[in-house]
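The structure under discussion appears below in the form of structure tokens.
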Amino acid sequence: MKLADGIRKHGFRKWYERELLNSHAHLVLTFFCVIGLFAAFEALGRFRSMSDQLTDLVAILLCAVIGLWALRRYLALLMHAEATAHQADCPSCKAYGRFKLANDTGAERQQEDRTAVCCSKCQHRWTISG
Ligand SMILES: [Zn+2]
């Protein structure tokens, strides 16, 4: 979910929590794929027929591809959430994560990679990239 949509729908703290949960779900998937890889390599030596060995090789390939994709996704989601969280301090009053989307007016219109926000405590405005 894009940052502006997530903040608008859930607020920053919930958006951040959801991003972390989503990223760690991908880490769990990576862990399951590693277990699948170990099991498939263990079974590879026990299968005698060619069809069983081919099926096991397909399982190894699937576990490796899905595991690498899940690991990449885990790191991307985690890095995005952390990079955004490091910009969540209000530059004026240092309140963490207490902001809402700034109104889209004139030059502060929401851009693709930058989100204009407004502090809920002191009304200071700044942009968050990501
Ligand atoms: Zn503030």
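By convention in this document, the chains of the structure tokens carry letters A, B, ... by their order, each chain's residues are numbered from 1, and ligands are numbered from 1 in the order they are shown.
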
Give the residues close to ligand 1, within 12 Å, counting only C-alpha atoms and all ligand atoms; write them as a JSON list (two decimals) with N, CA and C atoms, in the first residue's frame.
```
[["chain", "number", "residue", "atom", "x", "y", "z"],
["A", 88, "ALA", "N", 9.52, 10.28, 10.49],
["A", 88, "ALA", "CA", 8.23, 10.50, 11.14],
["A", 88, "ALA", "C", 8.31, 11.46, 12.32],
["A", 89, "ASP", "N", 9.51, 11.91, 12.67],
["A", 89, "ASP", "CA", 9.64, 12.91, 13.74],
["A", 89, "ASP", "C", 9.30, 14.29, 13.19],
["A", 90, "CYS", "N", 8.48, 15.03, 13.91],
["A", 90, "CYS", "CA", 8.17, 16.40, 13.51],
["A", 90, "CYS", "C", 9.45, 17.23, 13.67],
["A", 91, "PRO", "N", 9.90, 17.92, 12.60],
["A", 91, "PRO", "CA", 11.12, 18.73, 12.72],
["A", 91, "PRO", "C", 10.98, 19.87, 13.73],
["A", 92, "SER", "N", 9.78, 20.26, 14.03],
["A", 92, "SER", "CA", 9.57, 21.40, 14.92],
["A", 92, "SER", "C", 9.47, 20.99, 16.38],
["A", 93, "CYS", "N", 8.56, 20.07, 16.69],
["A", 93, "CYS", "CA", 8.33, 19.72, 18.10],
["A", 93, "CYS", "C", 8.82, 18.32, 18.46],
["A", 94, "LYS", "N", 9.37, 17.58, 17.50],
["A", 94, "LYS", "CA", 9.94, 16.24, 17.70],
["A", 94, "LYS", "C", 8.91, 15.18, 18.11],
["A", 95, "ALA", "N", 7.64, 15.43, 17.90],
["A", 95, "ALA", "CA", 6.62, 14.41, 18.17],
["A", 95, "ALA", "C", 6.75, 13.30, 17.14],
["A", 96, "TYR", "N", 6.79, 12.05, 17.61],
["A", 96, "TYR", "CA", 6.99, 10.93, 16.70],
["A", 96, "TYR", "C", 5.65, 10.38, 16.20],
["A", 97, "GLY", "N", 5.52, 10.32, 14.88],
["A", 97, "GLY", "CA", 4.38, 9.65, 14.26],
["A", 97, "GLY", "C", 3.03, 10.31, 14.47],
["A", 98, "ARG", "N", 3.03, 11.52, 14.93],
["A", 98, "ARG", "CA", 1.75, 12.20, 15.17],
["A", 98, "ARG", "C", 1.52, 13.22, 14.06],
["A", 99, "PHE", "N", 1.12, 12.74, 12.91],
["A", 99, "PHE", "CA", 0.86, 13.64, 11.80],
["A", 99, "PHE", "C", -0.26, 13.07, 10.96],
["A", 100, "LYS", "N", -0.78, 13.94, 10.11],
["A", 100, "LYS", "CA", -1.81, 13.53, 9.15],
["A", 100, "LYS", "C", -1.41, 14.08, 7.80],
["A", 117, "VAL", "N", 2.95, 16.09, 4.83],
["A", 117, "VAL", "CA", 2.24, 15.77, 6.06],
["A", 117, "VAL", "C", 2.22, 16.99, 6.97],
["A", 118, "CYS", "N", 1.34, 16.97, 7.95],
["A", 118, "CYS", "CA", 1.17, 18.08, 8.87],
["A", 118, "CYS", "C", 1.12, 17.52, 10.29],
["A", 119, "CYS", "N", 1.92, 18.09, 11.18],
["A", 119, "CYS", "CA", 1.99, 17.62, 12.56],
["A", 119, "CYS", "C", 0.63, 17.83, 13.25],
["A", 120, "SER", "N", 0.16, 16.85, 13.96],
["A", 120, "SER", "CA", -1.11, 16.98, 14.68],
["A", 120, "SER", "C", -0.96, 17.84, 15.94],
["A", 121, "LYS", "N", 0.27, 17.98, 16.41],
["A", 121, "LYS", "CA", 0.50, 18.69, 17.66],
["A", 121, "LYS", "C", 0.76, 20.19, 17.42],
["A", 122, "CYS", "N", 1.67, 20.52, 16.46],
["A", 122, "CYS", "CA", 2.05, 21.92, 16.28],
["A", 122, "CYS", "C", 1.73, 22.46, 14.89],
["A", 123, "GLN", "N", 1.11, 21.65, 14.03],
["A", 123, "GLN", "CA", 0.70, 22.04, 12.68],
["A", 123, "GLN", "C", 1.87, 22.33, 11.73],
["A", 124, "HIS", "N", 3.09, 21.94, 12.09],
["A", 124, "HIS", "CA", 4.23, 22.10, 11.20],
["A", 124, "HIS", "C", 4.05, 21.17, 10.01],
["A", 125, "ARG", "N", 4.46, 21.63, 8.81],
["A", 125, "ARG", "CA", 4.33, 20.83, 7.59],
["A", 125, "ARG", "C", 5.70, 20.43, 7.08],
["A", 126, "TRP", "N", 5.81, 19.18, 6.62],
["A", 126, "TRP", "CA", 7.04, 18.72, 5.99],
["A", 126, "TRP", "C", 6.68, 17.57, 5.06]]
```

Among the residues of chain A, find those DSSP assigns to helix (DSSP H, G or I) from the backbone and print them as a PDB file with N, CA and C atoms, in the first residue's frame.
```
ATOM      1  N   LEU A   3       2.236   4.951   0.733  1.00  0.00           N
ATOM      2  CA  LEU A   3       2.292   5.647   2.009  1.00  0.00           C
ATOM      3  C   LEU A   3       1.100   6.588   2.203  1.00  0.00           C
ATOM      4  N   ALA A   4       0.807   7.411   1.212  1.00  0.00           N
ATOM      5  CA  ALA A   4      -0.289   8.378   1.348  1.00  0.00           C
ATOM      6  C   ALA A   4      -1.626   7.654   1.543  1.00  0.00           C
ATOM      7  N   ASP A   5      -1.843   6.596   0.786  1.00  0.00           N
ATOM      8  CA  ASP A   5      -3.097   5.840   0.937  1.00  0.00           C
ATOM      9  C   ASP A   5      -3.173   5.181   2.314  1.00  0.00           C
ATOM     10  N   GLY A   6      -2.037   4.643   2.759  1.00  0.00           N
ATOM     11  CA  GLY A   6      -2.011   3.982   4.062  1.00  0.00           C
ATOM     12  C   GLY A   6      -2.260   4.944   5.210  1.00  0.00           C
ATOM     13  N   ILE A   7      -1.640   6.129   5.129  1.00  0.00           N
ATOM     14  CA  ILE A   7      -1.840   7.121   6.195  1.00  0.00           C
ATOM     15  C   ILE A   7      -3.272   7.623   6.177  1.00  0.00           C
ATOM     16  N   ARG A   8      -3.798   7.846   4.979  1.00  0.00           N
ATOM     17  CA  ARG A   8      -5.172   8.333   4.864  1.00  0.00           C
ATOM     18  C   ARG A   8      -6.159   7.298   5.438  1.00  0.00           C
ATOM     19  N   LYS A   9      -5.910   6.041   5.159  1.00  0.00           N
ATOM     20  CA  LYS A   9      -6.861   4.996   5.558  1.00  0.00           C
ATOM     21  C   LYS A   9      -6.694   4.570   7.017  1.00  0.00           C
ATOM     22  N   HIS A  10      -5.419   4.409   7.473  1.00  0.00           N
ATOM     23  CA  HIS A  10      -5.188   3.821   8.794  1.00  0.00           C
ATOM     24  C   HIS A  10      -4.493   4.750   9.784  1.00  0.00           C
ATOM     25  N   PHE A  12      -0.568   6.854  10.460  1.00  0.00           N
ATOM     26  CA  PHE A  12       0.816   6.417  10.286  1.00  0.00           C
ATOM     27  C   PHE A  12       1.166   5.200  11.128  1.00  0.00           C
ATOM     28  N   ARG A  13       0.808   5.237  12.388  1.00  0.00           N
ATOM     29  CA  ARG A  13       1.215   4.132  13.284  1.00  0.00           C
ATOM     30  C   ARG A  13       0.655   2.782  12.840  1.00  0.00           C
ATOM     31  N   LYS A  14      -0.607   2.760  12.451  1.00  0.00           N
ATOM     32  CA  LYS A  14      -1.207   1.507  11.960  1.00  0.00           C
ATOM     33  C   LYS A  14      -0.587   1.089  10.637  1.00  0.00           C
ATOM     34  N   TRP A  15      -0.321   2.085   9.757  1.00  0.00           N
ATOM     35  CA  TRP A  15       0.319   1.770   8.482  1.00  0.00           C
ATOM     36  C   TRP A  15       1.686   1.131   8.744  1.00  0.00           C
ATOM     37  N   TYR A  16       2.460   1.717   9.671  1.00  0.00           N
ATOM     38  CA  TYR A  16       3.792   1.203   9.989  1.00  0.00           C
ATOM     39  C   TYR A  16       3.695  -0.216  10.564  1.00  0.00           C
ATOM     40  N   GLU A  17       2.759  -0.407  11.467  1.00  0.00           N
ATOM     41  CA  GLU A  17       2.558  -1.734  12.057  1.00  0.00           C
ATOM     42  C   GLU A  17       2.203  -2.763  10.983  1.00  0.00           C
ATOM     43  N   ARG A  18       1.321  -2.379  10.081  1.00  0.00           N
ATOM     44  CA  ARG A  18       0.929  -3.295   9.013  1.00  0.00           C
ATOM     45  C   ARG A  18       2.094  -3.607   8.080  1.00  0.00           C
ATOM     46  N   GLU A  19       2.921  -2.619   7.764  1.00  0.00           N
ATOM     47  CA  GLU A  19       4.083  -2.862   6.914  1.00  0.00           C
ATOM     48  C   GLU A  19       5.039  -3.837   7.592  1.00  0.00           C
ATOM     49  N   LEU A  20       5.268  -3.661   8.890  1.00  0.00           N
ATOM     50  CA  LEU A  20       6.159  -4.580   9.605  1.00  0.00           C
ATOM     51  C   LEU A  20       5.582  -5.987   9.652  1.00  0.00           C
ATOM     52  N   LEU A  21       4.280  -6.107   9.905  1.00  0.00           N
ATOM     53  CA  LEU A  21       3.663  -7.431   9.925  1.00  0.00           C
ATOM     54  C   LEU A  21       3.734  -8.087   8.552  1.00  0.00           C
ATOM     55  N   ASN A  22       3.481  -7.303   7.522  1.00  0.00           N
ATOM     56  CA  ASN A  22       3.540  -7.824   6.159  1.00  0.00           C
ATOM     57  C   ASN A  22       4.955  -8.291   5.824  1.00  0.00           C
ATOM     58  N   SER A  23       5.954  -7.503   6.190  1.00  0.00           N
ATOM     59  CA  SER A  23       7.321  -7.889   5.872  1.00  0.00           C
ATOM     60  C   SER A  23       7.719  -9.145   6.645  1.00  0.00           C
ATOM     61  N   HIS A  24       7.329  -9.234   7.901  1.00  0.00           N
ATOM     62  CA  HIS A  24       7.707 -10.413   8.672  1.00  0.00           C
ATOM     63  C   HIS A  24       6.931 -11.656   8.253  1.00  0.00           C
ATOM     64  N   ALA A  25       5.753 -11.490   7.678  1.00  0.00           N
ATOM     65  CA  ALA A  25       5.056 -12.642   7.093  1.00  0.00           C
ATOM     66  C   ALA A  25       5.878 -13.203   5.929  1.00  0.00           C
ATOM     67  N   HIS A  26       6.530 -12.330   5.174  1.00  0.00           N
ATOM     68  CA  HIS A  26       7.403 -12.794   4.097  1.00  0.00           C
ATOM     69  C   HIS A  26       8.641 -13.495   4.658  1.00  0.00           C
ATOM     70  N   LEU A  27       9.125 -13.038   5.813  1.00  0.00           N
ATOM     71  CA  LEU A  27      10.255 -13.722   6.452  1.00  0.00           C
ATOM     72  C   LEU A  27       9.852 -15.132   6.887  1.00  0.00           C
ATOM     73  N   VAL A  28       8.655 -15.284   7.401  1.00  0.00           N
ATOM     74  CA  VAL A  28       8.168 -16.618   7.790  1.00  0.00           C
ATOM     75  C   VAL A  28       8.070 -17.511   6.554  1.00  0.00           C
ATOM     76  N   LEU A  29       7.584 -16.945   5.442  1.00  0.00           N
ATOM     77  CA  LEU A  29       7.526 -17.721   4.199  1.00  0.00           C
ATOM     78  C   LEU A  29       8.920 -18.150   3.760  1.00  0.00           C
ATOM     79  N   THR A  30       9.907 -17.266   3.914  1.00  0.00           N
ATOM     80  CA  THR A  30      11.294 -17.617   3.590  1.00  0.00           C
ATOM     81  C   THR A  30      11.760 -18.790   4.453  1.00  0.00           C
ATOM     82  N   PHE A  31      11.415 -18.740   5.736  1.00  0.00           N
ATOM     83  CA  PHE A  31      11.813 -19.814   6.654  1.00  0.00           C
ATOM     84  C   PHE A  31      11.185 -21.147   6.227  1.00  0.00           C
ATOM     85  N   PHE A  32       9.900 -21.120   5.862  1.00  0.00           N
ATOM     86  CA  PHE A  32       9.245 -22.351   5.401  1.00  0.00           C
ATOM     87  C   PHE A  32       9.895 -22.875   4.115  1.00  0.00           C
ATOM     88  N   CYS A  33      10.301 -21.977   3.244  1.00  0.00           N
ATOM     89  CA  CYS A  33      10.953 -22.408   2.011  1.00  0.00           C
ATOM     90  C   CYS A  33      12.316 -23.049   2.303  1.00  0.00           C
ATOM     91  N   VAL A  34      13.026 -22.538   3.298  1.00  0.00           N
ATOM     92  CA  VAL A  34      14.305 -23.145   3.669  1.00  0.00           C
ATOM     93  C   VAL A  34      14.065 -24.549   4.223  1.00  0.00           C
ATOM     94  N   ILE A  35      13.041 -24.714   5.036  1.00  0.00           N
ATOM     95  CA  ILE A  35      12.704 -26.052   5.544  1.00  0.00           C
ATOM     96  C   ILE A  35      12.355 -26.977   4.375  1.00  0.00           C
ATOM     97  N   GLY A  36      11.572 -26.457   3.418  1.00  0.00           N
ATOM     98  CA  GLY A  36      11.232 -27.245   2.231  1.00  0.00           C
ATOM     99  C   GLY A  36      12.460 -27.631   1.431  1.00  0.00           C
ATOM    100  N   LEU A  37      13.414 -26.716   1.331  1.00  0.00           N
ATOM    101  CA  LEU A  37      14.659 -27.023   0.615  1.00  0.00           C
ATOM    102  C   LEU A  37      15.435 -28.135   1.312  1.00  0.00           C
ATOM    103  N   PHE A  38      15.564 -28.045   2.625  1.00  0.00           N
ATOM    104  CA  PHE A  38      16.281 -29.095   3.364  1.00  0.00           C
ATOM    105  C   PHE A  38      15.596 -30.443   3.190  1.00  0.00           C
ATOM    106  N   ALA A  39      14.266 -30.444   3.288  1.00  0.00           N
ATOM    107  CA  ALA A  39      13.520 -31.698   3.133  1.00  0.00           C
ATOM    108  C   ALA A  39      13.681 -32.258   1.727  1.00  0.00           C
ATOM    109  N   ALA A  40      13.636 -31.380   0.724  1.00  0.00           N
ATOM    110  CA  ALA A  40      13.752 -31.852  -0.660  1.00  0.00           C
ATOM    111  C   ALA A  40      15.155 -32.389  -0.936  1.00  0.00           C
ATOM    112  N   PHE A  41      16.193 -31.733  -0.398  1.00  0.00           N
ATOM    113  CA  PHE A  41      17.549 -32.251  -0.586  1.00  0.00           C
ATOM    114  C   PHE A  41      17.743 -33.571   0.141  1.00  0.00           C
ATOM    115  N   GLU A  42      17.129 -33.690   1.318  1.00  0.00           N
ATOM    116  CA  GLU A  42      17.205 -34.953   2.061  1.00  0.00           C
ATOM    117  C   GLU A  42      16.530 -36.076   1.287  1.00  0.00           C
ATOM    118  N   ALA A  43      15.390 -35.757   0.671  1.00  0.00           N
ATOM    119  CA  ALA A  43      14.639 -36.782  -0.056  1.00  0.00           C
ATOM    120  C   ALA A  43      15.280 -37.127  -1.393  1.00  0.00           C
ATOM    121  N   LEU A  44      16.076 -36.220  -1.934  1.00  0.00           N
ATOM    122  CA  LEU A  44      16.665 -36.448  -3.254  1.00  0.00           C
ATOM    123  C   LEU A  44      17.500 -37.723  -3.295  1.00  0.00           C
ATOM    124  N   MET A  50      13.216 -42.087 -11.762  1.00  0.00           N
ATOM    125  CA  MET A  50      13.503 -40.812 -12.417  1.00  0.00           C
ATOM    126  C   MET A  50      12.387 -39.807 -12.192  1.00  0.00           C
ATOM    127  N   SER A  51      11.138 -40.250 -12.220  1.00  0.00           N
ATOM    128  CA  SER A  51      10.014 -39.321 -12.046  1.00  0.00           C
ATOM    129  C   SER A  51      10.002 -38.731 -10.635  1.00  0.00           C
ATOM    130  N   ASP A  52      10.320 -39.547  -9.629  1.00  0.00           N
ATOM    131  CA  ASP A  52      10.383 -39.019  -8.254  1.00  0.00           C
ATOM    132  C   ASP A  52      11.506 -38.004  -8.103  1.00  0.00           C
ATOM    133  N   GLN A  53      12.646 -38.289  -8.716  1.00  0.00           N
ATOM    134  CA  GLN A  53      13.763 -37.351  -8.632  1.00  0.00           C
ATOM    135  C   GLN A  53      13.453 -36.038  -9.359  1.00  0.00           C
ATOM    136  N   LEU A  54      12.757 -36.147 -10.510  1.00  0.00           N
ATOM    137  CA  LEU A  54      12.373 -34.929 -11.228  1.00  0.00           C
ATOM    138  C   LEU A  54      11.383 -34.112 -10.408  1.00  0.00           C
ATOM    139  N   THR A  55      10.432 -34.788  -9.784  1.00  0.00           N
ATOM    140  CA  THR A  55       9.472 -34.092  -8.926  1.00  0.00           C
ATOM    141  C   THR A  55      10.186 -33.401  -7.782  1.00  0.00           C
ATOM    142  N   ASP A  56      11.178 -34.056  -7.215  1.00  0.00           N
ATOM    143  CA  ASP A  56      11.942 -33.467  -6.121  1.00  0.00           C
ATOM    144  C   ASP A  56      12.767 -32.274  -6.601  1.00  0.00           C
ATOM    145  N   LEU A  57      13.312 -32.365  -7.799  1.00  0.00           N
ATOM    146  CA  LEU A  57      14.067 -31.239  -8.341  1.00  0.00           C
ATOM    147  C   LEU A  57      13.151 -30.038  -8.598  1.00  0.00           C
ATOM    148  N   VAL A  58      11.942 -30.303  -9.040  1.00  0.00           N
ATOM    149  CA  VAL A  58      10.973 -29.217  -9.226  1.00  0.00           C
ATOM    150  C   VAL A  58      10.646 -28.577  -7.873  1.00  0.00           C
ATOM    151  N   ALA A  59      10.496 -29.409  -6.849  1.00  0.00           N
ATOM    152  CA  ALA A  59      10.223 -28.885  -5.503  1.00  0.00           C
ATOM    153  C   ALA A  59      11.384 -28.026  -5.011  1.00  0.00           C
ATOM    154  N   ILE A  60      12.617 -28.464  -5.277  1.00  0.00           N
ATOM    155  CA  ILE A  60      13.798 -27.679  -4.889  1.00  0.00           C
ATOM    156  C   ILE A  60      13.802 -26.340  -5.611  1.00  0.00           C
ATOM    157  N   LEU A  61      13.525 -26.384  -6.909  1.00  0.00           N
ATOM    158  CA  LEU A  61      13.506 -25.148  -7.687  1.00  0.00           C
ATOM    159  C   LEU A  61      12.410 -24.200  -7.191  1.00  0.00           C
ATOM    160  N   LEU A  62      11.221 -24.714  -6.945  1.00  0.00           N
ATOM    161  CA  LEU A  62      10.120 -23.879  -6.448  1.00  0.00           C
ATOM    162  C   LEU A  62      10.445 -23.269  -5.091  1.00  0.00           C
ATOM    163  N   CYS A  63      10.965 -24.079  -4.185  1.00  0.00           N
ATOM    164  CA  CYS A  63      11.313 -23.558  -2.854  1.00  0.00           C
ATOM    165  C   CYS A  63      12.385 -22.487  -2.946  1.00  0.00           C
ATOM    166  N   ALA A  64      13.360 -22.691  -3.833  1.00  0.00           N
ATOM    167  CA  ALA A  64      14.432 -21.702  -3.970  1.00  0.00           C
ATOM    168  C   ALA A  64      13.898 -20.392  -4.552  1.00  0.00           C
ATOM    169  N   VAL A  65      13.083 -20.485  -5.594  1.00  0.00           N
ATOM    170  CA  VAL A  65      12.570 -19.258  -6.241  1.00  0.00           C
ATOM    171  C   VAL A  65      11.633 -18.515  -5.294  1.00  0.00           C
ATOM    172  N   ILE A  66      10.702 -19.231  -4.689  1.00  0.00           N
ATOM    173  CA  ILE A  66       9.752 -18.576  -3.776  1.00  0.00           C
ATOM    174  C   ILE A  66      10.486 -18.025  -2.553  1.00  0.00           C
ATOM    175  N   GLY A  67      11.460 -18.762  -2.046  1.00  0.00           N
ATOM    176  CA  GLY A  67      12.221 -18.298  -0.885  1.00  0.00           C
ATOM    177  C   GLY A  67      13.010 -17.034  -1.192  1.00  0.00           C
ATOM    178  N   LEU A  68      13.639 -16.982  -2.355  1.00  0.00           N
ATOM    179  CA  LEU A  68      14.389 -15.771  -2.722  1.00  0.00           C
ATOM    180  C   LEU A  68      13.448 -14.591  -2.934  1.00  0.00           C
ATOM    181  N   TRP A  69      12.305 -14.840  -3.580  1.00  0.00           N
ATOM    182  CA  TRP A  69      11.335 -13.758  -3.773  1.00  0.00           C
ATOM    183  C   TRP A  69      10.848 -13.244  -2.418  1.00  0.00           C
ATOM    184  N   ALA A  70      10.520 -14.157  -1.503  1.00  0.00           N
ATOM    185  CA  ALA A  70      10.003 -13.761  -0.186  1.00  0.00           C
ATOM    186  C   ALA A  70      11.066 -13.011   0.608  1.00  0.00           C
ATOM    187  N   LEU A  71      12.316 -13.434   0.513  1.00  0.00           N
ATOM    188  CA  LEU A  71      13.392 -12.731   1.218  1.00  0.00           C
ATOM    189  C   LEU A  71      13.573 -11.318   0.665  1.00  0.00           C
ATOM    190  N   ARG A  72      13.539 -11.197  -0.659  1.00  0.00           N
ATOM    191  CA  ARG A  72      13.643  -9.874  -1.280  1.00  0.00           C
ATOM    192  C   ARG A  72      12.494  -8.973  -0.873  1.00  0.00           C
ATOM    193  N   ARG A  73      11.292  -9.534  -0.860  1.00  0.00           N
ATOM    194  CA  ARG A  73      10.103  -8.767  -0.482  1.00  0.00           C
ATOM    195  C   ARG A  73      10.174  -8.358   0.988  1.00  0.00           C
ATOM    196  N   TYR A  74      10.635  -9.266   1.844  1.00  0.00           N
ATOM    197  CA  TYR A  74      10.804  -8.964   3.266  1.00  0.00           C
ATOM    198  C   TYR A  74      11.739  -7.768   3.451  1.00  0.00           C
ATOM    199  N   LEU A  75      12.883  -7.817   2.780  1.00  0.00           N
ATOM    200  CA  LEU A  75      13.854  -6.738   2.939  1.00  0.00           C
ATOM    201  C   LEU A  75      13.332  -5.427   2.369  1.00  0.00           C
ATOM    202  N   ALA A  76      12.656  -5.472   1.229  1.00  0.00           N
ATOM    203  CA  ALA A  76      12.137  -4.247   0.616  1.00  0.00           C
ATOM    204  C   ALA A  76      11.076  -3.604   1.504  1.00  0.00           C
ATOM    205  N   LEU A  77      10.143  -4.395   2.009  1.00  0.00           N
ATOM    206  CA  LEU A  77       9.088  -3.846   2.867  1.00  0.00           C
ATOM    207  C   LEU A  77       9.672  -3.304   4.170  1.00  0.00           C
ATOM    208  N   LEU A  78      10.621  -4.040   4.740  1.00  0.00           N
ATOM    209  CA  LEU A  78      11.223  -3.603   6.002  1.00  0.00           C
ATOM    210  C   LEU A  78      12.017  -2.314   5.817  1.00  0.00           C
ATOM    211  N   MET A  79      12.802  -2.236   4.739  1.00  0.00           N
ATOM    212  CA  MET A  79      13.599  -1.032   4.504  1.00  0.00           C
ATOM    213  C   MET A  79      12.698   0.173   4.234  1.00  0.00           C
ATOM    214  N   HIS A  80      11.616  -0.036   3.488  1.00  0.00           N
ATOM    215  CA  HIS A  80      10.693   1.071   3.208  1.00  0.00           C
ATOM    216  C   HIS A  80      10.041   1.553   4.498  1.00  0.00           C
ATOM    217  N   ALA A  81       9.599   0.632   5.332  1.00  0.00           N
ATOM    218  CA  ALA A  81       8.954   1.014   6.588  1.00  0.00           C
ATOM    219  C   ALA A  81       9.935   1.740   7.502  1.00  0.00           C
ATOM    220  N   GLU A  82      11.170   1.264   7.568  1.00  0.00           N
ATOM    221  CA  GLU A  82      12.162   1.899   8.441  1.00  0.00           C
ATOM    222  C   GLU A  82      12.580   3.266   7.912  1.00  0.00           C
ATOM    223  N   ALA A  83      12.747   3.379   6.602  1.00  0.00           N
ATOM    224  CA  ALA A  83      13.118   4.676   6.018  1.00  0.00           C
ATOM    225  C   ALA A  83      12.009   5.695   6.267  1.00  0.00           C
ATOM    226  N   THR A  84      10.779   5.269   6.174  1.00  0.00           N
ATOM    227  CA  THR A  84       9.659   6.171   6.433  1.00  0.00           C
ATOM    228  C   THR A  84       9.584   6.516   7.916  1.00  0.00           C
ATOM    229  N   ALA A  85       9.805   5.547   8.776  1.00  0.00           N
ATOM    230  CA  ALA A  85       9.723   5.787  10.218  1.00  0.00           C
ATOM    231  C   ALA A  85      10.798   6.765  10.683  1.00  0.00           C
ATOM    232  N   GLY A 106      -1.907  23.701  -4.238  1.00  0.00           N
ATOM    233  CA  GLY A 106      -0.845  24.327  -5.008  1.00  0.00           C
ATOM    234  C   GLY A 106       0.414  23.498  -5.108  1.00  0.00           C
ATOM    235  N   ALA A 107       1.540  24.079  -4.682  1.00  0.00           N
ATOM    236  CA  ALA A 107       2.845  23.442  -4.856  1.00  0.00           C
ATOM    237  C   ALA A 107       3.046  22.231  -3.946  1.00  0.00           C
ATOM    238  N   GLU A 108       2.224  22.087  -2.916  1.00  0.00           N
ATOM    239  CA  GLU A 108       2.415  20.962  -2.003  1.00  0.00           C
ATOM    240  C   GLU A 108       1.616  19.734  -2.421  1.00  0.00           C
TER     241      GLU A 108
END
```

Quick one: residues within 7 Å of Ser129 of chain A, only C-alpha atoms, excluding same-chain residues fewer than 2 positions away - as a ChimeraX atom specification?
/A:113-115,127
